[in-house]
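Coordinates from model-v6.cif are shown below (mmCIF, C-alpha atoms).
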data_data
loop_
_atom_site.group_PDB
_atom_site.id
_atom_site.type_symbol
_atom_site.label_atom_id
_atom_site.label_comp_id
_atom_site.auth_asym_id
_atom_site.auth_seq_id
_atom_site.Cartn_x
_atom_site.Cartn_y
_atom_site.Cartn_z
ATOM 1 C CA MET N 1 107.948 42.105 46.558
ATOM 2 C CA ARG N 2 111.452 42.407 47.891
ATOM 3 C CA ILE N 3 114.781 40.621 47.635
ATOM 4 C CA GLU N 4 115.560 39.255 51.088
ATOM 5 C CA ARG N 5 118.894 37.640 50.315
ATOM 6 C CA LYS N 6 121.525 37.416 47.589
ATOM 7 C CA ASP N 7 124.536 35.172 48.032
ATOM 8 C CA GLY N 8 126.424 33.954 44.960
ATOM 9 C CA ALA N 9 123.984 31.976 42.841
ATOM 10 C CA ILE N 10 121.200 32.112 45.430
ATOM 11 C CA VAL N 11 118.430 34.710 45.559
ATOM 12 C CA VAL N 12 115.490 34.722 47.988
ATOM 13 C CA LEU N 13 112.448 36.682 46.847
ATOM 14 C CA GLU N 14 109.686 37.500 49.330
ATOM 15 C CA ALA N 15 106.718 37.822 46.972
ATOM 16 C CA ASP N 16 104.333 39.151 49.649
ATOM 17 C CA ARG N 17 101.323 37.304 48.170
ATOM 18 C CA ALA N 18 101.900 38.672 44.669
ATOM 19 C CA PRO N 19 100.107 37.011 41.749
ATOM 20 C CA GLY N 20 102.109 33.920 40.854
ATOM 21 C CA ALA N 21 102.656 34.963 37.254
ATOM 22 C CA VAL N 22 104.169 38.269 38.367
ATOM 23 C CA ALA N 23 106.283 36.748 41.131
ATOM 24 C CA MET N 24 107.692 33.881 39.053
ATOM 25 C CA THR N 25 108.510 36.154 36.121
ATOM 26 C CA ARG N 26 110.530 38.242 38.577
ATOM 27 C CA ALA N 27 112.082 35.112 40.102
ATOM 28 C CA MET N 28 113.330 33.831 36.758
ATOM 29 C CA SER N 29 114.661 37.291 35.867
ATOM 30 C CA GLU N 30 116.634 37.243 39.126
ATOM 31 C CA ALA N 31 117.888 33.708 38.386
ATOM 32 C CA ILE N 32 119.032 34.718 34.902
ATOM 33 C CA ALA N 33 120.843 37.768 36.289
ATOM 34 C CA ALA N 34 122.669 35.589 38.819
ATOM 35 C CA ALA N 35 123.556 33.057 36.113
ATOM 36 C CA ARG N 36 125.134 35.803 34.040
ATOM 37 C CA GLU N 37 127.463 36.480 36.968
ATOM 38 C CA VAL N 38 128.254 32.990 38.281
ATOM 39 C CA HIS N 39 126.838 30.720 35.503
ATOM 40 C CA ILE N 40 123.927 29.410 37.556
ATOM 41 C CA GLY N 41 121.103 31.215 39.311
ATOM 42 C CA TRP N 42 118.588 29.831 41.801
ATOM 43 C CA CYS N 43 115.802 32.112 42.974
ATOM 44 C CA GLY N 44 113.331 30.887 45.570
ATOM 45 C CA ALA N 45 110.087 32.878 45.735
ATOM 46 C CA ARG N 46 108.166 32.726 48.999
ATOM 47 C CA ASN N 47 104.414 33.412 49.395
ATOM 48 C CA ILE N 48 103.261 33.498 45.798
ATOM 49 C CA THR N 49 99.768 32.679 44.568
ATOM 50 C CA HIS N 50 98.985 30.139 41.848
ATOM 51 C CA SER N 51 101.311 30.726 38.914
ATOM 52 C CA GLY N 52 99.548 28.753 36.166
ATOM 53 C CA ALA N 53 101.641 26.965 33.542
ATOM 54 C CA ILE N 54 105.166 27.215 34.931
ATOM 55 C CA GLY N 55 106.714 26.304 31.580
ATOM 56 C CA TYR N 56 106.282 29.971 30.692
ATOM 57 C CA PHE N 57 108.988 30.895 33.198
ATOM 58 C CA ALA N 58 111.331 28.106 32.095
ATOM 59 C CA LEU N 59 111.054 29.494 28.558
ATOM 60 C CA GLN N 60 112.299 32.858 29.854
ATOM 61 C CA ALA N 61 115.646 31.192 30.484
ATOM 62 C CA ALA N 62 115.659 29.474 27.094
ATOM 63 C CA ALA N 63 115.032 32.831 25.428
ATOM 64 C CA ALA N 64 118.123 34.115 27.252
ATOM 65 C CA GLY N 65 120.220 31.240 25.890
ATOM 66 C CA MET N 66 120.091 29.270 29.124
ATOM 67 C CA ALA N 67 118.436 26.148 30.418
ATOM 68 C CA GLY N 68 115.523 26.833 32.741
ATOM 69 C CA ILE N 69 114.110 24.680 35.533
ATOM 70 C CA VAL N 70 111.019 25.728 37.486
ATOM 71 C CA ILE N 71 109.229 23.991 40.352
ATOM 72 C CA SER N 72 106.354 25.030 42.570
ATOM 73 C CA ALA N 73 105.075 23.753 45.925
ATOM 74 C CA SER N 74 101.688 24.010 47.612
ATOM 75 C CA GLY N 75 99.636 22.295 50.295
ATOM 76 C CA PRO N 76 98.623 18.612 50.242
ATOM 77 C CA MET N 77 96.201 17.625 47.484
ATOM 78 C CA MET N 78 97.671 14.351 46.179
ATOM 79 C CA ALA N 79 97.710 10.906 47.767
ATOM 80 C CA TYR N 80 100.939 9.477 49.138
ATOM 81 C CA PRO N 81 101.425 5.733 48.454
ATOM 82 C CA GLY N 82 99.835 3.714 51.235
ATOM 83 C CA ALA N 83 97.549 6.555 52.359
ATOM 84 C CA ARG N 84 93.933 7.147 51.281
ATOM 85 C CA VAL N 85 94.048 10.901 51.800
ATOM 86 C CA ALA N 86 96.202 13.729 50.486
ATOM 87 C CA GLY N 87 99.764 13.725 51.824
ATOM 88 C CA VAL N 88 101.732 15.747 49.274
ATOM 89 C CA SER N 89 100.963 18.289 46.578
ATOM 90 C CA SER N 90 100.842 17.794 42.818
ATOM 91 C CA ASN N 91 103.939 20.001 42.608
ATOM 92 C CA PRO N 92 104.718 20.816 38.966
ATOM 93 C CA LEU N 93 108.088 20.681 37.226
ATOM 94 C CA ALA N 94 109.134 22.426 34.014
ATOM 95 C CA ILE N 95 112.414 22.268 32.080
ATOM 96 C CA ALA N 96 113.268 24.251 28.945
ATOM 97 C CA VAL N 97 116.387 24.268 26.767
ATOM 98 C CA PRO N 98 117.139 26.293 23.637
ATOM 99 C CA ALA N 99 117.831 24.837 20.213
ATOM 100 C CA LYS N 100 119.326 26.468 17.118
ATOM 101 C CA ASN N 101 116.632 26.374 14.444
ATOM 102 C CA ARG N 102 113.891 24.666 16.386
ATOM 103 C CA ARG N 103 111.735 26.271 19.056
ATOM 104 C CA PRO N 104 112.992 25.644 22.594
ATOM 105 C CA TYR N 105 112.222 22.216 23.973
ATOM 106 C CA LEU N 106 109.894 22.311 26.965
ATOM 107 C CA ILE N 107 108.459 19.811 29.376
ATOM 108 C CA ASP N 108 105.868 21.129 31.813
ATOM 109 C CA MET N 109 104.189 18.519 33.942
ATOM 110 C CA SER N 110 102.378 17.852 37.179
ATOM 111 C CA THR N 111 103.649 15.176 39.541
ATOM 112 C CA ALA N 112 100.037 13.928 39.617
ATOM 113 C CA THR N 113 98.647 11.703 36.878
ATOM 114 C CA VAL N 114 97.003 14.885 35.567
ATOM 115 C CA ALA N 115 97.008 18.473 36.750
ATOM 116 C CA ASN N 116 94.122 19.490 38.983
ATOM 117 C CA GLY N 117 93.059 21.981 36.310
ATOM 118 C CA LYS N 118 91.972 19.108 34.061
ATOM 119 C CA ILE N 119 89.686 17.797 36.772
ATOM 120 C CA LEU N 120 88.266 21.283 37.321
ATOM 121 C CA GLY N 121 87.715 21.530 33.572
ATOM 122 C CA ALA N 122 85.864 18.206 33.556
ATOM 123 C CA LYS N 123 83.627 19.503 36.349
ATOM 124 C CA ASP N 124 82.820 22.606 34.348
ATOM 125 C CA LYS N 125 82.074 20.512 31.245
ATOM 126 C CA SER N 126 80.089 17.917 33.252
ATOM 127 C CA THR N 127 82.162 15.087 31.746
ATOM 128 C CA GLN N 128 83.607 11.954 33.340
ATOM 129 C CA VAL N 129 87.366 11.402 33.748
ATOM 130 C CA PRO N 130 89.402 8.192 33.340
ATOM 131 C CA LEU N 131 90.112 5.902 36.261
ATOM 132 C CA GLY N 132 93.462 6.657 37.853
ATOM 133 C CA TRP N 133 93.075 10.428 37.960
ATOM 134 C CA GLY N 134 91.868 10.631 41.535
ATOM 135 C CA ILE N 135 90.113 9.032 44.474
ATOM 136 C CA ASP N 136 87.057 10.029 46.498
ATOM 137 C CA ALA N 137 86.879 10.950 50.171
ATOM 138 C CA LEU N 138 86.913 7.264 51.140
ATOM 139 C CA GLY N 139 89.990 6.492 49.046
ATOM 140 C CA ARG N 140 88.080 4.744 46.246
ATOM 141 C CA ASP N 141 88.767 5.114 42.527
ATOM 142 C CA THR N 142 86.196 7.246 40.741
ATOM 143 C CA THR N 143 85.490 8.655 37.292
ATOM 144 C CA ASP N 144 83.271 11.449 38.649
ATOM 145 C CA PRO N 145 85.311 14.680 38.764
ATOM 146 C CA CYS N 146 82.908 16.102 41.354
ATOM 147 C CA ALA N 147 83.671 13.167 43.659
ATOM 148 C CA ILE N 148 87.452 13.384 43.396
ATOM 149 C CA ALA N 149 88.833 14.489 46.747
ATOM 150 C CA THR N 150 92.481 13.619 46.183
ATOM 151 C CA LEU N 151 94.658 13.419 43.081
ATOM 152 C CA LEU N 152 96.730 10.309 42.368
ATOM 153 C CA PRO N 153 100.497 10.585 41.760
ATOM 154 C CA MET N 154 102.061 9.982 38.374
ATOM 155 C CA GLY N 155 103.784 6.604 38.449
ATOM 156 C CA GLY N 156 102.781 5.949 42.054
ATOM 157 C CA PRO N 157 105.842 6.266 44.310
ATOM 158 C CA LYS N 158 107.785 8.075 41.570
ATOM 159 C CA GLY N 159 105.402 11.026 41.327
ATOM 160 C CA ALA N 160 104.816 11.145 45.080
ATOM 161 C CA GLY N 161 108.534 10.974 45.857
ATOM 162 C CA LEU N 162 109.295 13.714 43.340
ATOM 163 C CA SER N 163 106.645 15.926 44.932
ATOM 164 C CA PHE N 164 108.092 15.218 48.387
ATOM 165 C CA MET N 165 111.528 16.350 47.212
ATOM 166 C CA ILE N 166 110.111 19.470 45.543
ATOM 167 C CA GLU N 167 108.582 20.420 48.892
ATOM 168 C CA CYS N 168 112.060 20.077 50.426
ATOM 169 C CA LEU N 169 113.824 22.174 47.773
ATOM 170 C CA CYS N 170 111.053 24.695 47.195
ATOM 171 C CA SER N 171 109.567 25.220 50.654
ATOM 172 C CA LEU N 172 111.882 23.951 53.373
ATOM 173 C CA ALA N 173 114.827 25.767 51.790
ATOM 174 C CA LEU N 174 112.844 29.000 52.170
ATOM 175 C CA SER N 175 111.844 28.206 55.780
ATOM 176 C CA ASN N 176 108.242 28.279 54.551
ATOM 177 C CA PRO N 177 106.898 24.705 54.715
ATOM 178 C CA ARG N 178 103.550 24.044 53.051
ATOM 179 C CA VAL N 179 102.785 20.357 53.623
ATOM 180 C CA ALA N 180 103.663 19.486 57.235
ATOM 181 C CA PRO N 181 101.785 22.429 58.833
ATOM 182 C CA ALA N 182 98.700 21.651 56.732
ATOM 183 C CA LEU N 183 98.764 17.965 57.668
ATOM 184 C CA GLU N 184 99.321 18.728 61.344
ATOM 185 C CA SER N 185 96.493 21.254 61.486
ATOM 186 C CA GLY N 186 94.116 19.479 59.129
ATOM 187 C CA ALA N 187 93.881 22.632 57.025
ATOM 188 C CA GLY N 188 94.415 20.774 53.746
ATOM 189 C CA ILE N 189 94.883 23.148 50.791
ATOM 190 C CA ASN N 190 92.971 26.063 52.313
ATOM 191 C CA ASP N 191 96.170 28.126 52.457
ATOM 192 C CA PRO N 192 96.343 29.808 49.017
ATOM 193 C CA PHE N 193 100.010 30.763 49.266
ATOM 194 C CA LEU N 194 102.696 28.760 47.521
ATOM 195 C CA ASN N 195 106.437 28.770 46.981
ATOM 196 C CA GLY N 196 108.208 28.741 43.633
ATOM 197 C CA THR N 197 111.769 28.119 42.503
ATOM 198 C CA ALA N 198 113.320 29.368 39.258
ATOM 199 C CA ILE N 199 116.712 28.048 38.146
ATOM 200 C CA ALA N 200 118.750 29.346 35.203
ATOM 201 C CA ILE N 201 121.838 27.523 33.905
ATOM 202 C CA ASP N 202 124.368 29.242 31.650
ATOM 203 C CA LEU N 203 124.965 26.575 29.003
ATOM 204 C CA ALA N 204 127.836 28.536 27.486
ATOM 205 C CA ALA N 205 129.817 27.915 30.667
ATOM 206 C CA PHE N 206 130.103 24.251 29.680
ATOM 207 C CA GLY N 207 131.857 25.070 26.398
ATOM 208 C CA ASP N 208 130.588 25.785 22.880
ATOM 209 C CA PHE N 209 127.010 27.069 23.115
ATOM 210 C CA GLU N 210 126.577 26.953 19.337
ATOM 211 C CA GLN N 211 127.488 23.282 19.357
ATOM 212 C CA PHE N 212 124.919 22.677 22.091
ATOM 213 C CA THR N 213 122.117 24.239 20.059
ATOM 214 C CA ARG N 214 123.198 22.365 16.903
ATOM 215 C CA GLU N 215 123.154 19.102 18.834
ATOM 216 C CA ALA N 216 119.742 20.010 20.247
ATOM 217 C CA ASP N 217 118.461 20.336 16.676
ATOM 218 C CA ARG N 218 120.163 17.066 15.749
ATOM 219 C CA LEU N 219 118.524 15.271 18.671
ATOM 220 C CA GLY N 220 115.108 16.518 17.648
ATOM 221 C CA ASP N 221 115.688 15.546 14.024
ATOM 222 C CA ALA N 222 116.672 12.027 15.063
ATOM 223 C CA ILE N 223 113.587 11.583 17.235
ATOM 224 C CA VAL N 224 111.047 12.784 14.657
ATOM 225 C CA LYS N 225 112.547 10.419 12.048
ATOM 226 C CA LEU N 226 111.837 7.355 14.184
ATOM 227 C CA PRO N 227 109.473 4.811 12.604
ATOM 228 C CA ARG N 228 105.959 5.867 13.591
ATOM 229 C CA ALA N 229 103.509 3.623 15.339
ATOM 230 C CA ASP N 230 100.207 2.785 13.655
ATOM 231 C CA SER N 231 97.752 5.703 13.455
ATOM 232 C CA VAL N 232 100.475 8.248 14.368
ATOM 233 C CA ASP N 233 100.815 11.026 11.801
ATOM 234 C CA ARG N 234 103.592 12.950 13.481
ATOM 235 C CA ILE N 235 106.052 12.404 16.323
ATOM 236 C CA LEU N 236 106.016 15.402 18.649
ATOM 237 C CA LEU N 237 109.014 16.769 20.513
ATOM 238 C CA PRO N 238 108.707 18.228 24.044
ATOM 239 C CA GLY N 239 106.684 21.430 23.799
ATOM 240 C CA GLU N 240 105.327 20.954 20.278
ATOM 241 C CA ARG N 241 101.835 19.904 21.397
ATOM 242 C CA GLY N 242 101.537 23.111 23.425
ATOM 243 C CA ASP N 243 102.968 25.160 20.556
ATOM 244 C CA SER N 244 100.312 23.811 18.165
ATOM 245 C CA ILE N 245 97.515 24.530 20.649
ATOM 246 C CA MET N 246 98.806 28.075 21.187
ATOM 247 C CA ALA N 247 98.980 28.703 17.426
ATOM 248 C CA GLU N 248 95.415 27.460 16.989
ATOM 249 C CA ARG N 249 94.064 29.559 19.846
ATOM 250 C CA GLU N 250 95.846 32.691 18.667
ATOM 251 C CA VAL N 251 93.692 32.363 15.539
ATOM 252 C CA SER N 252 90.464 30.902 16.874
ATOM 253 C CA GLY N 253 90.386 32.105 20.473
ATOM 254 C CA ILE N 254 90.447 30.231 23.772
ATOM 255 C CA PRO N 255 87.502 27.913 24.450
ATOM 256 C CA VAL N 256 86.000 28.440 27.913
ATOM 257 C CA PRO N 257 83.653 25.805 29.396
ATOM 258 C CA LYS N 258 80.223 27.095 30.393
ATOM 259 C CA GLY N 259 80.840 26.372 34.078
ATOM 260 C CA THR N 260 84.133 28.289 34.032
ATOM 261 C CA TRP N 261 82.453 31.258 32.338
ATOM 262 C CA GLN N 262 79.685 31.296 34.916
ATOM 263 C CA ARG N 263 82.190 31.348 37.768
ATOM 264 C CA LEU N 264 84.091 34.200 36.109
ATOM 265 C CA VAL N 265 80.890 36.203 35.693
ATOM 266 C CA THR N 266 79.948 35.610 39.324
ATOM 267 C CA ALA N 267 83.404 36.693 40.487
ATOM 268 C CA ALA N 268 83.207 39.818 38.319
ATOM 269 C CA GLN N 269 79.807 40.749 39.713
ATOM 270 C CA THR N 270 81.107 40.627 43.287
ATOM 271 C CA VAL N 271 83.540 43.456 42.459
ATOM 272 C CA GLY N 272 81.229 45.404 40.173
ATOM 273 C CA VAL N 273 82.831 44.453 36.857
ATOM 274 C CA ALA N 274 80.455 43.965 33.925
ATOM 275 C CA ALA N 275 81.048 40.823 31.891
ATOM 276 C CA PRO N 276 81.741 41.370 28.161
ATOM 277 C CA LYS N 277 78.863 40.536 25.833
#

Could you render the structure from this file as structure tokens?
Amino acid sequence: MRIERKDGAIVVLEADRAPGAVAMTRAMSEAIAAAREVHIGWCGARNITHSGAIGYFALQAAAAGMAGIVISASGPMMAYPGARVAGVSSNPLAIAVPAKNRRPYLIDMSTATVANGKILGAKDKSTQVPLGWGIDALGRDTTDPCAIATLLPMGGPKGAGLSFMIECLCSLALSNPRVAPALESGAGINDPFLNGTAIAIDLAAFGDFEQFTREADRLGDAIVKLPRADSVDRILLPGERGDSIMAEREVSGIPVPKGTWQRLVTAAQTVGVAAPK
């Protein structure tokens, strides 16, 4: 990996096909460093591989006392309104902000109705999925995860339009478009290389940082005290569902579907790595 450009708040990182988790950790570190100098940092990372849950990188900024925004762009895999085939990607978006006594708030979402990983998980578990998650090769709704050829956007035009704009900010800004070349060539999502953007915002530059974190706590307190709907035991703030899952899995381990495990074992065998018993 190498820094190709630094200019004020802007950093361009050529990741050279680095693992996404490595590249985006570096990108957010560069964004935070720039924000410490000029109060905002924007690092675009070109040619990364899949980076997993991008909320992890947004939380890097929150841990540094900043707001973090992370987006990622890949080839077409999600339908565009009016089309029956993939036209945009399910580009994810994550935002994290720190609080005072609460854990940082975090939203980490796909612009599709669900992330593609949930459909892959359903395949590995041999379970059906709800209508509205994806369409088959003929553009028809389906509940069979093995038949889903194209994801559907969250909120129709809203999710598709957001993904379109992420491609502009994440790929076109780096002179590394992902969608148009794939559509023009018919390559689909065969290109494994993505782009990522990490943004860090120095909240202290707006005024009293301590007041911000106190108000963040106050906002959370006000939301959780809302009258609960029937059958709801607890109102969750952004990030708390993931926090509870992480706490459970740190104790009990991470469940792996049988199909996923079999694919991991097969991949290990191809490079001579013995699977753990």

Considering all atoms listed in the file, give me a table of residues in region 34-98 of chain N that are at most 10 Å from region 180-184 of chain N, with the closest atom pair and distance in Å for each, as a Markdown table.
| residue | atom | partner | partner_atom | distance |
| --- | --- | --- | --- | --- |
| N:Ser74 | CA | N:Ala182 | CA | 9.9 |
| N:Gly75 | CA | N:Ala182 | CA | 6.5 |
| N:Pro76 | CA | N:Ala182 | CA | 7.2 |
| N:Ala86 | CA | N:Leu183 | CA | 8.7 |
| N:Gly87 | CA | N:Leu183 | CA | 7.3 |
| N:Val88 | CA | N:Ala180 | CA | 9.0 |

Practice task
Choose the residue, out of N:Pro157, N:Leu174, N:Asn47, N:Ala96, that has the smallest atom-to-atom separation from Ile10 (chain N); count all atoms listed in the file.
Solution key: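 Closest candidate: N:Leu174.
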
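Distances from N:Ala99, N:Thr150, N:Val12, N:Ala83 to Arg214 (chain N) were compared using all atoms listed in the file, and the smallest one belongs to N:Ala99.
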
Problem - Proximity to Cys146 (chain N) - best of N:Ile119, N:Ala160, N:Val11, N:Ala53, all atoms listed in the file - result: N:Ile119

Practice task
Do a neighbour search on Ala115 (chain N) at 9 Å with only C-alpha atoms, toss out local chain neighbours closer than 3 positions, and write the hits as a list of chain:residue names.
Solution key: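 Surrounding residues, per the criterion: N:Ser90, N:Pro92, N:Met109, N:Ser110, N:Thr111, N:Ala112, N:Lys118, N:Ile119, N:Leu151.
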
Practice task
Would you translate the PyMOL selection byres ((chain N and resi 19-27) around 9) into the concrete set of residues it matches in this file, as a PyMOL selection string?
Solution key: chain N and resi 1+11-15+17-18+28-32+42-45+47-54+56-57+60+70+194+196-199

Practice task
Might you pull out every residue within 8 Å of Tyr105 (chain N), with all atoms listed in the file counted and same-chain residues fewer than 2 positions away left off, and present them as a list in words?
Solution key: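 In the requested format, the answer is Ala96, Val97, Pro98, Ala99, Arg103, Ile107, Leu237, Pro238, Gly239 and Glu240 of chain N.
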
Go ahead and write the residues just picked, C-alpha atoms, as a PDB file, keeping the file's coordinate frame.
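Output file again.pdb follows:
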ATOM      1  CA  ALA N  96     113.268  24.251  28.945  1.00  0.00           C
ATOM      2  CA  VAL N  97     116.387  24.268  26.767  1.00  0.00           C
ATOM      3  CA  PRO N  98     117.139  26.293  23.637  1.00  0.00           C
ATOM      4  CA  ALA N  99     117.831  24.837  20.213  1.00  0.00           C
ATOM      5  CA  ARG N 103     111.735  26.271  19.056  1.00  0.00           C
ATOM      6  CA  ILE N 107     108.459  19.811  29.376  1.00  0.00           C
ATOM      7  CA  LEU N 237     109.014  16.769  20.513  1.00  0.00           C
ATOM      8  CA  PRO N 238     108.707  18.228  24.044  1.00  0.00           C
ATOM      9  CA  GLY N 239     106.684  21.430  23.799  1.00  0.00           C
ATOM     10  CA  GLU N 240     105.327  20.954  20.278  1.00  0.00           C
TER      11      GLU N 240
END

Exercise for the section: Could you tell me how far CA of Ala147 (chain N) lies from CA of Gln128 (chain N), in Å and to one decimal? Expected result: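 Going from CA of Ala147 (chain N) over to CA of Gln128 (chain N), I get 10.4 Å.
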
Practice task
May I ask which of the residues N:Gly41, N:Pro192, N:Gly156, N:Gly117 is the closest one to Asp7 (chain N), counting all atoms listed in the file?
Solution key: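 The answer is N:Gly41, which sits nearest to Asp7 (chain N).
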
Subset file: region 145-172 of chain N, N, CA and C atoms, as a PDB file, in the first residue's frame:
ATOM      1  N   PRO N 145     -32.932 -18.624  -1.748  1.00  0.00           N
ATOM      2  CA  PRO N 145     -31.655 -17.888  -1.802  1.00  0.00           C
ATOM      3  C   PRO N 145     -30.756 -18.360  -2.928  1.00  0.00           C
ATOM      4  N   CYS N 146     -30.903 -19.634  -3.333  1.00  0.00           N
ATOM      5  CA  CYS N 146     -30.076 -20.150  -4.428  1.00  0.00           C
ATOM      6  C   CYS N 146     -30.513 -19.596  -5.777  1.00  0.00           C
ATOM      7  N   ALA N 147     -31.751 -19.092  -5.848  1.00  0.00           N
ATOM      8  CA  ALA N 147     -32.259 -18.546  -7.107  1.00  0.00           C
ATOM      9  C   ALA N 147     -32.056 -17.048  -7.221  1.00  0.00           C
ATOM     10  N   ILE N 148     -31.681 -16.400  -6.130  1.00  0.00           N
ATOM     11  CA  ILE N 148     -31.522 -14.944  -6.165  1.00  0.00           C
ATOM     12  C   ILE N 148     -30.305 -14.576  -7.010  1.00  0.00           C
ATOM     13  N   ALA N 149     -30.563 -13.816  -8.064  1.00  0.00           N
ATOM     14  CA  ALA N 149     -29.487 -13.362  -8.943  1.00  0.00           C
ATOM     15  C   ALA N 149     -29.128 -11.915  -8.689  1.00  0.00           C
ATOM     16  N   THR N 150     -30.081 -11.159  -8.139  1.00  0.00           N
ATOM     17  CA  THR N 150     -29.884  -9.724  -7.949  1.00  0.00           C
ATOM     18  C   THR N 150     -30.561  -9.290  -6.657  1.00  0.00           C
ATOM     19  N   LEU N 151     -29.858  -8.529  -5.844  1.00  0.00           N
ATOM     20  CA  LEU N 151     -30.439  -7.982  -4.624  1.00  0.00           C
ATOM     21  C   LEU N 151     -31.427  -6.873  -4.968  1.00  0.00           C
ATOM     22  N   LEU N 152     -32.339  -6.591  -4.037  1.00  0.00           N
ATOM     23  CA  LEU N 152     -33.268  -5.473  -4.202  1.00  0.00           C
ATOM     24  C   LEU N 152     -32.860  -4.331  -3.271  1.00  0.00           C
ATOM     25  N   PRO N 153     -33.000  -3.085  -3.727  1.00  0.00           N
ATOM     26  CA  PRO N 153     -32.554  -1.941  -2.917  1.00  0.00           C
ATOM     27  C   PRO N 153     -33.482  -1.648  -1.751  1.00  0.00           C
ATOM     28  N   MET N 154     -32.902  -1.207  -0.663  1.00  0.00           N
ATOM     29  CA  MET N 154     -33.655  -0.757   0.497  1.00  0.00           C
ATOM     30  C   MET N 154     -34.482   0.474   0.122  1.00  0.00           C
ATOM     31  N   GLY N 155     -35.791   0.405   0.330  1.00  0.00           N
ATOM     32  CA  GLY N 155     -36.619   1.567   0.046  1.00  0.00           C
ATOM     33  C   GLY N 155     -36.706   1.921  -1.431  1.00  0.00           C
ATOM     34  N   GLY N 156     -36.462   0.953  -2.301  1.00  0.00           N
ATOM     35  CA  GLY N 156     -36.590   1.195  -3.734  1.00  0.00           C
ATOM     36  C   GLY N 156     -35.643   2.263  -4.235  1.00  0.00           C
ATOM     37  N   PRO N 157     -36.160   3.363  -4.777  1.00  0.00           N
ATOM     38  CA  PRO N 157     -35.299   4.413  -5.325  1.00  0.00           C
ATOM     39  C   PRO N 157     -34.358   5.031  -4.299  1.00  0.00           C
ATOM     40  N   LYS N 158     -34.732   4.994  -3.014  1.00  0.00           N
ATOM     41  CA  LYS N 158     -33.877   5.598  -1.990  1.00  0.00           C
ATOM     42  C   LYS N 158     -32.563   4.819  -1.853  1.00  0.00           C
ATOM     43  N   GLY N 159     -32.673   3.497  -1.705  1.00  0.00           N
ATOM     44  CA  GLY N 159     -31.464   2.690  -1.575  1.00  0.00           C
ATOM     45  C   GLY N 159     -30.636   2.689  -2.841  1.00  0.00           C
ATOM     46  N   ALA N 160     -31.318   2.617  -4.007  1.00  0.00           N
ATOM     47  CA  ALA N 160     -30.593   2.597  -5.272  1.00  0.00           C
ATOM     48  C   ALA N 160     -29.902   3.932  -5.533  1.00  0.00           C
ATOM     49  N   GLY N 161     -30.599   5.030  -5.228  1.00  0.00           N
ATOM     50  CA  GLY N 161     -30.004   6.351  -5.421  1.00  0.00           C
ATOM     51  C   GLY N 161     -28.827   6.586  -4.498  1.00  0.00           C
ATOM     52  N   LEU N 162     -28.929   6.103  -3.260  1.00  0.00           N
ATOM     53  CA  LEU N 162     -27.820   6.239  -2.318  1.00  0.00           C
ATOM     54  C   LEU N 162     -26.612   5.451  -2.819  1.00  0.00           C
ATOM     55  N   SER N 163     -26.845   4.246  -3.327  1.00  0.00           N
ATOM     56  CA  SER N 163     -25.745   3.455  -3.865  1.00  0.00           C
ATOM     57  C   SER N 163     -25.099   4.144  -5.063  1.00  0.00           C
ATOM     58  N   PHE N 164     -25.916   4.721  -5.925  1.00  0.00           N
ATOM     59  CA  PHE N 164     -25.420   5.457  -7.093  1.00  0.00           C
ATOM     60  C   PHE N 164     -24.472   6.573  -6.656  1.00  0.00           C
ATOM     61  N   MET N 165     -24.883   7.318  -5.631  1.00  0.00           N
ATOM     62  CA  MET N 165     -24.062   8.430  -5.148  1.00  0.00           C
ATOM     63  C   MET N 165     -22.790   7.950  -4.459  1.00  0.00           C
ATOM     64  N   ILE N 166     -22.863   6.796  -3.774  1.00  0.00           N
ATOM     65  CA  ILE N 166     -21.659   6.241  -3.158  1.00  0.00           C
ATOM     66  C   ILE N 166     -20.647   5.855  -4.226  1.00  0.00           C
ATOM     67  N   GLU N 167     -21.131   5.315  -5.352  1.00  0.00           N
ATOM     68  CA  GLU N 167     -20.227   5.019  -6.462  1.00  0.00           C
ATOM     69  C   GLU N 167     -19.533   6.294  -6.940  1.00  0.00           C
ATOM     70  N   CYS N 168     -20.272   7.397  -6.985  1.00  0.00           N
ATOM     71  CA  CYS N 168     -19.670   8.672  -7.417  1.00  0.00           C
ATOM     72  C   CYS N 168     -18.586   9.129  -6.447  1.00  0.00           C
ATOM     73  N   LEU N 169     -18.906   9.108  -5.137  1.00  0.00           N
ATOM     74  CA  LEU N 169     -17.977   9.639  -4.138  1.00  0.00           C
ATOM     75  C   LEU N 169     -16.824   8.688  -3.839  1.00  0.00           C
ATOM     76  N   CYS N 170     -17.092   7.384  -3.976  1.00  0.00           N
ATOM     77  CA  CYS N 170     -16.115   6.391  -3.551  1.00  0.00           C
ATOM     78  C   CYS N 170     -15.240   5.903  -4.704  1.00  0.00           C
ATOM     79  N   SER N 171     -15.793   5.868  -5.901  1.00  0.00           N
ATOM     80  CA  SER N 171     -15.060   5.306  -7.038  1.00  0.00           C
ATOM     81  C   SER N 171     -14.664   6.359  -8.061  1.00  0.00           C
ATOM     82  N   LEU N 172     -15.630   7.163  -8.500  1.00  0.00           N
ATOM     83  CA  LEU N 172     -15.306   8.161  -9.520  1.00  0.00           C
ATOM     84  C   LEU N 172     -14.299   9.169  -8.996  1.00  0.00           C
TER      85      LEU N 172
END
